[in-house]
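Enquirer: Below is model_10.cif; it holds mmCIF, C-alpha atoms.
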data_input
#
loop_
_atom_site.group_PDB
_atom_site.id
_atom_site.type_symbol
_atom_site.label_atom_id
_atom_site.label_comp_id
_atom_site.auth_asym_id
_atom_site.auth_seq_id
_atom_site.Cartn_x
_atom_site.Cartn_y
_atom_site.Cartn_z
ATOM 1 C CA MET A 1402 8.683 -47.592 3.629
ATOM 2 C CA THR A 1403 8.412 -45.428 0.490
ATOM 3 C CA GLY A 1404 4.999 -44.192 1.618
ATOM 4 C CA LEU A 1405 6.478 -43.093 4.940
ATOM 5 C CA ILE A 1406 9.241 -41.141 3.194
ATOM 6 C CA VAL A 1407 6.703 -39.436 0.908
ATOM 7 C CA CYS A 1408 4.510 -38.528 3.889
ATOM 8 C CA LEU A 1409 7.482 -37.065 5.755
ATOM 9 C CA ALA A 1410 8.580 -35.092 2.688
ATOM 10 C CA VAL A 1411 5.082 -33.650 2.254
ATOM 11 C CA LEU A 1412 4.919 -32.815 5.957
ATOM 12 C CA VAL A 1413 8.285 -31.005 5.847
ATOM 13 C CA ALA A 1414 7.332 -29.086 2.680
ATOM 14 C CA ALA A 1415 3.948 -28.057 4.090
ATOM 15 C CA SER A 1416 5.522 -26.958 7.373
ATOM 16 C CA GLY A 1417 8.128 -24.889 5.518
ATOM 17 C CA TYR A 1418 5.443 -23.215 3.438
ATOM 18 C CA GLY A 1419 3.379 -22.524 6.558
ATOM 19 C CA ILE A 1420 6.314 -20.901 8.355
ATOM 20 C CA VAL A 1421 7.176 -18.660 5.392
ATOM 21 C CA HIS A 1422 3.529 -17.712 4.836
ATOM 22 C CA ARG A 1423 3.005 -16.885 8.512
ATOM 23 C CA ARG A 1424 6.112 -14.668 8.638
ATOM 24 C CA ARG A 1425 5.015 -12.692 5.552
ATOM 25 C CA ASP A 1426 1.337 -12.311 6.498
ATOM 26 C CA GLY A 1427 0.547 -8.735 7.499
ATOM 27 C CA ARG A 1428 4.049 -7.439 6.837
ATOM 28 C CA ILE A 1429 4.019 -3.958 5.370
ATOM 29 C CA ARG A 1430 6.404 -3.677 2.451
ATOM 30 C CA VAL A 1431 7.266 -1.848 -0.733
ATOM 31 C CA ARG A 1432 6.657 -3.630 -4.027
ATOM 32 C CA ALA A 1433 8.213 -2.540 -7.311
ATOM 33 C CA LYS A 1434 4.850 -3.181 -9.003
ATOM 34 C CA ASP A 1435 3.274 -0.521 -6.767
ATOM 35 C CA SER A 1436 5.593 2.300 -7.805
ATOM 36 C CA GLY A 1437 3.668 4.822 -9.823
ATOM 37 C CA GLN A 1438 0.295 3.537 -8.609
ATOM 38 C CA ARG A 1439 -1.927 6.394 -7.508
ATOM 39 C CA LEU A 1440 -5.451 6.414 -6.106
ATOM 40 C CA THR A 1441 -7.809 9.361 -6.251
ATOM 41 C CA ALA A 1442 -10.844 10.346 -4.224
ATOM 42 C CA ASP A 1443 -12.961 9.074 -7.147
ATOM 43 C CA ASP A 1444 -11.302 5.637 -6.888
ATOM 44 C CA LEU A 1445 -11.936 5.481 -3.147
ATOM 45 C CA GLY A 1446 -15.364 7.084 -3.102
ATOM 46 C CA GLU A 1447 -14.139 9.305 -0.247
ATOM 47 C CA PRO A 1448 -11.638 12.156 0.042
ATOM 48 C CA LEU A 1449 -7.974 11.453 0.702
ATOM 49 C CA GLY A 1450 -6.444 12.329 4.060
ATOM 50 C CA GLU A 1451 -4.570 15.630 4.348
ATOM 51 C CA ARG A 1452 -1.282 13.873 5.167
ATOM 52 C CA ALA A 1453 -1.901 10.188 4.385
ATOM 53 C CA THR A 1454 -4.639 7.647 3.734
ATOM 54 C CA LEU A 1455 -4.926 4.065 4.964
ATOM 55 C CA VAL A 1456 -6.925 2.075 2.405
ATOM 56 C CA GLN A 1457 -8.262 -1.318 3.463
ATOM 57 C CA PHE A 1458 -9.746 -3.845 1.042
ATOM 58 C CA SER A 1459 -12.150 -6.126 2.925
ATOM 59 C CA SER A 1460 -14.749 -8.789 2.283
ATOM 60 C CA ALA A 1461 -17.951 -9.622 4.127
ATOM 61 C CA PHE A 1462 -16.930 -12.804 5.955
ATOM 62 C CA CYS A 1463 -13.320 -11.905 6.733
ATOM 63 C CA ALA A 1464 -12.522 -12.096 10.471
ATOM 64 C CA PRO A 1465 -9.049 -10.505 10.138
ATOM 65 C CA CYS A 1466 -10.727 -7.605 8.297
ATOM 66 C CA ARG A 1467 -12.592 -6.608 11.457
ATOM 67 C CA ALA A 1468 -9.389 -6.600 13.513
ATOM 68 C CA THR A 1469 -7.602 -4.645 10.769
ATOM 69 C CA ARG A 1470 -10.448 -2.102 10.734
ATOM 70 C CA ARG A 1471 -9.904 -1.523 14.463
ATOM 71 C CA VAL A 1472 -6.122 -1.160 14.094
ATOM 72 C CA LEU A 1473 -6.345 1.268 11.172
ATOM 73 C CA GLY A 1474 -9.122 3.258 12.833
ATOM 74 C CA GLU A 1475 -7.038 3.639 15.990
ATOM 75 C CA VAL A 1476 -3.954 4.737 14.043
ATOM 76 C CA ALA A 1477 -5.980 7.208 11.960
ATOM 77 C CA GLY A 1478 -7.389 8.617 15.197
ATOM 78 C CA MET A 1479 -3.915 9.010 16.723
ATOM 79 C CA VAL A 1480 -2.227 10.773 13.787
ATOM 80 C CA ASP A 1481 -3.605 14.121 12.573
ATOM 81 C CA GLY A 1482 -4.392 14.319 8.872
ATOM 82 C CA VAL A 1483 -4.578 10.538 8.387
ATOM 83 C CA ARG A 1484 -7.785 9.006 7.077
ATOM 84 C CA HIS A 1485 -8.925 5.364 7.041
ATOM 85 C CA VAL A 1486 -10.995 4.231 4.058
ATOM 86 C CA GLU A 1487 -12.444 0.722 3.858
ATOM 87 C CA ILE A 1488 -13.381 -0.667 0.439
ATOM 88 C CA ASP A 1489 -15.539 -3.724 -0.206
ATOM 89 C CA ALA A 1490 -13.364 -5.804 -2.525
ATOM 90 C CA GLU A 1491 -16.332 -7.618 -4.070
ATOM 91 C CA ALA A 1492 -18.026 -4.350 -5.051
ATOM 92 C CA HIS A 1493 -14.874 -2.837 -6.588
ATOM 93 C CA LEU A 1494 -13.434 -5.653 -8.706
ATOM 94 C CA GLU A 1495 -11.896 -3.316 -11.289
ATOM 95 C CA LEU A 1496 -9.869 -1.568 -8.586
ATOM 96 C CA VAL A 1497 -8.960 -4.926 -7.005
ATOM 97 C CA ARG A 1498 -7.577 -6.142 -10.336
ATOM 98 C CA ARG A 1499 -5.747 -2.885 -11.037
ATOM 99 C CA LEU A 1500 -3.993 -3.009 -7.661
ATOM 100 C CA ASP A 1501 -3.389 -6.781 -7.726
ATOM 101 C CA VAL A 1502 -5.263 -7.421 -4.469
ATOM 102 C CA LEU A 1503 -5.179 -11.199 -3.956
ATOM 103 C CA LYS A 1504 -6.555 -11.552 -0.414
ATOM 104 C CA THR A 1505 -8.406 -9.641 2.242
ATOM 105 C CA PRO A 1506 -7.524 -7.714 4.193
ATOM 106 C CA THR A 1507 -5.046 -5.875 2.000
ATOM 107 C CA VAL A 1508 -3.929 -2.463 3.235
ATOM 108 C CA PHE A 1509 -2.386 0.349 1.189
ATOM 109 C CA VAL A 1510 -0.643 3.336 2.741
ATOM 110 C CA LEU A 1511 -1.024 6.384 0.483
ATOM 111 C CA ASP A 1512 0.730 9.728 0.734
ATOM 112 C CA ALA A 1513 -1.170 13.034 0.569
ATOM 113 C CA GLN A 1514 -1.265 12.888 -3.255
ATOM 114 C CA GLY A 1515 -2.620 9.320 -3.312
ATOM 115 C CA ALA A 1516 0.592 7.546 -4.326
ATOM 116 C CA VAL A 1517 0.986 4.014 -2.958
ATOM 117 C CA VAL A 1518 3.876 4.102 -0.479
ATOM 118 C CA ARG A 1519 3.440 0.723 1.259
ATOM 119 C CA ARG A 1520 1.114 -2.279 1.243
ATOM 120 C CA ALA A 1521 0.330 -5.258 3.451
ATOM 121 C CA ALA A 1522 -1.570 -8.445 2.699
ATOM 122 C CA GLY A 1523 -3.077 -9.818 5.876
ATOM 123 C CA GLN A 1524 -3.603 -8.213 9.257
ATOM 124 C CA PRO A 1525 -0.852 -5.662 10.012
ATOM 125 C CA ARG A 1526 0.376 -4.819 13.496
ATOM 126 C CA THR A 1527 -0.249 -1.333 14.884
ATOM 127 C CA ALA A 1528 3.479 -0.586 15.197
ATOM 128 C CA ASP A 1529 4.050 -1.556 11.551
ATOM 129 C CA VAL A 1530 1.234 0.730 10.362
ATOM 130 C CA ILE A 1531 2.647 3.654 12.353
ATOM 131 C CA ALA A 1532 6.116 2.996 10.939
ATOM 132 C CA ALA A 1533 4.719 2.834 7.383
ATOM 133 C CA LEU A 1534 3.015 6.187 7.903
ATOM 134 C CA GLY A 1535 6.469 7.661 8.486
ATOM 135 C CA ALA A 1536 7.247 6.976 4.823
ATOM 136 C CA ALA A 1537 4.018 8.637 3.701
ATOM 137 C CA VAL A 1538 4.070 11.873 5.711
#
Would you mind giving the structure from this file in structure tokens?
Expert:
Amino acid sequence: MTGLIVCLAVLVAASGYGIVHRRRDGRIRVRAKDSGQRLTADDLGEPLGERATLVQFSSAFCAPCRATRRVLGEVAGMVDGVRHVEIDAEAHLELVRRLDVLKTPTVFVLDAQGAVVRRAAGQPRTADVIAALGAAV
């Protein structure tokens, strides 16, 4: 009987964690730790966008990274002055540590000066990326 109660408790806890994790995955948000963070063209290895830059940290075997690349590429193509830059997380570990990137894909929305305005861990939705650009431009 005790084993059954323990199994049910573990099942409820794991389900609760799964629900919370799923709701937060890909959500674009503002973090207090990001305020004051700024990326330059030297950090990215490419120039910043005229109005905003969408920075994506990816890894080689990440399936959501490919979908995120498509979403960000489409948004960058729709909005003038917005650039999409993809960075291989494994090749830029110093930058990954500096920005506290814990999973791929992680997306940063930068304003024209390179300041971090928003971030998302996981695959963001197109509508959320467009809305986040409103804060950057």
Enquirer: Please enumerate the residues selected by the PyMOL selection byres ((chain A and resi 1442-1456) around 9) when evaluated against the supplied file, formatted as a PyMOL selection string.
Expert: chain A and resi 1440-1441+1457-1458+1473-1474+1477+1481-1488+1496+1507-1515+1530+1534+1537-1538
Enquirer: Rounded to one decimal, what separation in Å do you get between CA of Ala1516 in chain A and CA of Ala1536 in chain A?
Expert: 11.3 Å
Enquirer: Run the PyMOL selection byres ((chain A and resi 1522) around 7) mentally over the shown coordinates, then write out the matched residues as a PyMOL selection string, using the chain letters and numbers from the document.
Expert: chain A and resi 1426-1427+1504-1508+1520-1521+1523-1524
Enquirer: Expressed in Å to a single decimal, how great is the separation between CA of Ala1461 in chain A and CA of Arg1526 in chain A?
Expert: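 Computing the Euclidean distance for CA of Ala1461 in chain A and CA of Arg1526 in chain A yields 21.1 Å.
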Enquirer: Take CA of Gly1437 in chain A and CA of Val1517 in chain A and report the distance between them in Å, one decimal.
Expert: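 CA of Val1517 in chain A lies 7.4 Å from CA of Gly1437 in chain A.
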Enquirer: Which residues come within 8 Å of Val1472 in chain A, counting only C-alpha atoms, excluding same-chain residues fewer than 3 positions away, as a list in words?
Expert: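 Residues meeting the cut-off are Ala1468, Thr1469, Glu1475, Val1476, Arg1526 and Thr1527 of chain A.
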Enquirer: Kindly indicate which residue among A:Gly1535, A:Pro1525, A:Gly1404, A:Gly1478 lies nearest to Cys1466 in chain A, using all atoms listed in the file for the distances.
Expert: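 Of A:Gly1535, A:Pro1525, A:Gly1404, A:Gly1478, the one nearest Cys1466 in chain A, counting all atoms listed in the file, is A:Pro1525.
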Enquirer: So, with all atoms listed in the file as the atoms that count, which of A:Asp1529, A:Ser1459, A:Gln1438, A:Val1518 lies closest to Ala1492 in chain A?
Expert: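 Of A:Asp1529, A:Ser1459, A:Gln1438, A:Val1518, the one nearest Ala1492 in chain A, counting all atoms listed in the file, is A:Ser1459.
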Enquirer: Model the absent atoms of range 1507-1526 of chain A so that N, CA, C and O atoms are present, and write the result as a PDB file, in the frame of the given file.
Expert:
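File written: selection_20.pdb
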ATOM      1  N   THR A1507      -6.245  -6.460   2.586  1.00  0.00           N
ATOM      2  CA  THR A1507      -5.046  -5.875   2.000  1.00  0.00           C
ATOM      3  C   THR A1507      -5.099  -4.388   2.314  1.00  0.00           C
ATOM      4  O   THR A1507      -6.133  -3.754   2.124  1.00  0.00           O
ATOM      5  N   VAL A1508      -3.998  -3.861   2.800  1.00  0.00           N
ATOM      6  CA  VAL A1508      -3.929  -2.463   3.235  1.00  0.00           C
ATOM      7  C   VAL A1508      -2.913  -1.725   2.373  1.00  0.00           C
ATOM      8  O   VAL A1508      -1.809  -2.225   2.129  1.00  0.00           O
ATOM      9  N   PHE A1509      -3.297  -0.539   1.914  1.00  0.00           N
ATOM     10  CA  PHE A1509      -2.386   0.349   1.189  1.00  0.00           C
ATOM     11  C   PHE A1509      -2.183   1.601   2.024  1.00  0.00           C
ATOM     12  O   PHE A1509      -3.145   2.149   2.568  1.00  0.00           O
ATOM     13  N   VAL A1510      -0.964   2.063   2.104  1.00  0.00           N
ATOM     14  CA  VAL A1510      -0.643   3.336   2.741  1.00  0.00           C
ATOM     15  C   VAL A1510      -0.362   4.316   1.610  1.00  0.00           C
ATOM     16  O   VAL A1510       0.547   4.097   0.798  1.00  0.00           O
ATOM     17  N   LEU A1511      -1.166   5.383   1.539  1.00  0.00           N
ATOM     18  CA  LEU A1511      -1.024   6.384   0.483  1.00  0.00           C
ATOM     19  C   LEU A1511      -0.489   7.675   1.076  1.00  0.00           C
ATOM     20  O   LEU A1511      -0.812   8.019   2.210  1.00  0.00           O
ATOM     21  N   ASP A1512       0.300   8.405   0.279  1.00  0.00           N
ATOM     22  CA  ASP A1512       0.730   9.728   0.734  1.00  0.00           C
ATOM     23  C   ASP A1512      -0.383  10.733   0.458  1.00  0.00           C
ATOM     24  O   ASP A1512      -1.470  10.362   0.002  1.00  0.00           O
ATOM     25  N   ALA A1513      -0.132  12.003   0.706  1.00  0.00           N
ATOM     26  CA  ALA A1513      -1.170  13.034   0.569  1.00  0.00           C
ATOM     27  C   ALA A1513      -1.682  13.165  -0.866  1.00  0.00           C
ATOM     28  O   ALA A1513      -2.818  13.564  -1.090  1.00  0.00           O
ATOM     29  N   GLN A1514      -0.858  12.797  -1.852  1.00  0.00           N
ATOM     30  CA  GLN A1514      -1.265  12.888  -3.255  1.00  0.00           C
ATOM     31  C   GLN A1514      -1.904  11.597  -3.769  1.00  0.00           C
ATOM     32  O   GLN A1514      -2.278  11.513  -4.924  1.00  0.00           O
ATOM     33  N   GLY A1515      -1.987  10.573  -2.917  1.00  0.00           N
ATOM     34  CA  GLY A1515      -2.620   9.320  -3.312  1.00  0.00           C
ATOM     35  C   GLY A1515      -1.676   8.281  -3.875  1.00  0.00           C
ATOM     36  O   GLY A1515      -2.128   7.234  -4.342  1.00  0.00           O
ATOM     37  N   ALA A1516      -0.374   8.527  -3.825  1.00  0.00           N
ATOM     38  CA  ALA A1516       0.592   7.546  -4.326  1.00  0.00           C
ATOM     39  C   ALA A1516       0.742   6.412  -3.315  1.00  0.00           C
ATOM     40  O   ALA A1516       0.793   6.641  -2.106  1.00  0.00           O
ATOM     41  N   VAL A1517       0.809   5.182  -3.829  1.00  0.00           N
ATOM     42  CA  VAL A1517       0.986   4.014  -2.958  1.00  0.00           C
ATOM     43  C   VAL A1517       2.422   4.002  -2.445  1.00  0.00           C
ATOM     44  O   VAL A1517       3.374   3.955  -3.215  1.00  0.00           O
ATOM     45  N   VAL A1518       2.565   4.076  -1.117  1.00  0.00           N
ATOM     46  CA  VAL A1518       3.876   4.102  -0.479  1.00  0.00           C
ATOM     47  C   VAL A1518       4.228   2.726   0.077  1.00  0.00           C
ATOM     48  O   VAL A1518       5.360   2.270  -0.023  1.00  0.00           O
ATOM     49  N   ARG A1519       3.254   2.049   0.671  1.00  0.00           N
ATOM     50  CA  ARG A1519       3.440   0.723   1.259  1.00  0.00           C
ATOM     51  C   ARG A1519       2.156  -0.075   1.101  1.00  0.00           C
ATOM     52  O   ARG A1519       1.091   0.475   0.867  1.00  0.00           O
ATOM     53  N   ARG A1520       2.283  -1.406   1.270  1.00  0.00           N
ATOM     54  CA  ARG A1520       1.114  -2.279   1.243  1.00  0.00           C
ATOM     55  C   ARG A1520       1.346  -3.463   2.160  1.00  0.00           C
ATOM     56  O   ARG A1520       2.483  -3.814   2.430  1.00  0.00           O
ATOM     57  N   ALA A1521       0.262  -4.054   2.624  1.00  0.00           N
ATOM     58  CA  ALA A1521       0.330  -5.258   3.451  1.00  0.00           C
ATOM     59  C   ALA A1521      -0.824  -6.171   3.068  1.00  0.00           C
ATOM     60  O   ALA A1521      -1.951  -5.719   2.911  1.00  0.00           O
ATOM     61  N   ALA A1522      -0.528  -7.442   2.913  1.00  0.00           N
ATOM     62  CA  ALA A1522      -1.570  -8.445   2.699  1.00  0.00           C
ATOM     63  C   ALA A1522      -1.701  -9.216   4.003  1.00  0.00           C
ATOM     64  O   ALA A1522      -0.729  -9.777   4.496  1.00  0.00           O
ATOM     65  N   GLY A1523      -2.877  -9.202   4.574  1.00  0.00           N
ATOM     66  CA  GLY A1523      -3.077  -9.818   5.876  1.00  0.00           C
ATOM     67  C   GLY A1523      -3.222  -8.737   6.926  1.00  0.00           C
ATOM     68  O   GLY A1523      -3.187  -7.546   6.630  1.00  0.00           O
ATOM     69  N   GLN A1524      -3.374  -9.159   8.167  1.00  0.00           N
ATOM     70  CA  GLN A1524      -3.603  -8.213   9.257  1.00  0.00           C
ATOM     71  C   GLN A1524      -2.292  -7.618   9.742  1.00  0.00           C
ATOM     72  O   GLN A1524      -1.454  -8.306  10.288  1.00  0.00           O
ATOM     73  N   PRO A1525      -2.097  -6.293   9.562  1.00  0.00           N
ATOM     74  CA  PRO A1525      -0.852  -5.662  10.012  1.00  0.00           C
ATOM     75  C   PRO A1525      -0.894  -5.343  11.508  1.00  0.00           C
ATOM     76  O   PRO A1525      -1.958  -5.204  12.095  1.00  0.00           O
ATOM     77  N   ARG A1526       0.279  -5.225  12.089  1.00  0.00           N
ATOM     78  CA  ARG A1526       0.376  -4.819  13.496  1.00  0.00           C
ATOM     79  C   ARG A1526       0.341  -3.293  13.574  1.00  0.00           C
ATOM     80  O   ARG A1526       0.753  -2.598  12.644  1.00  0.00           O
TER      81      ARG A1526
END
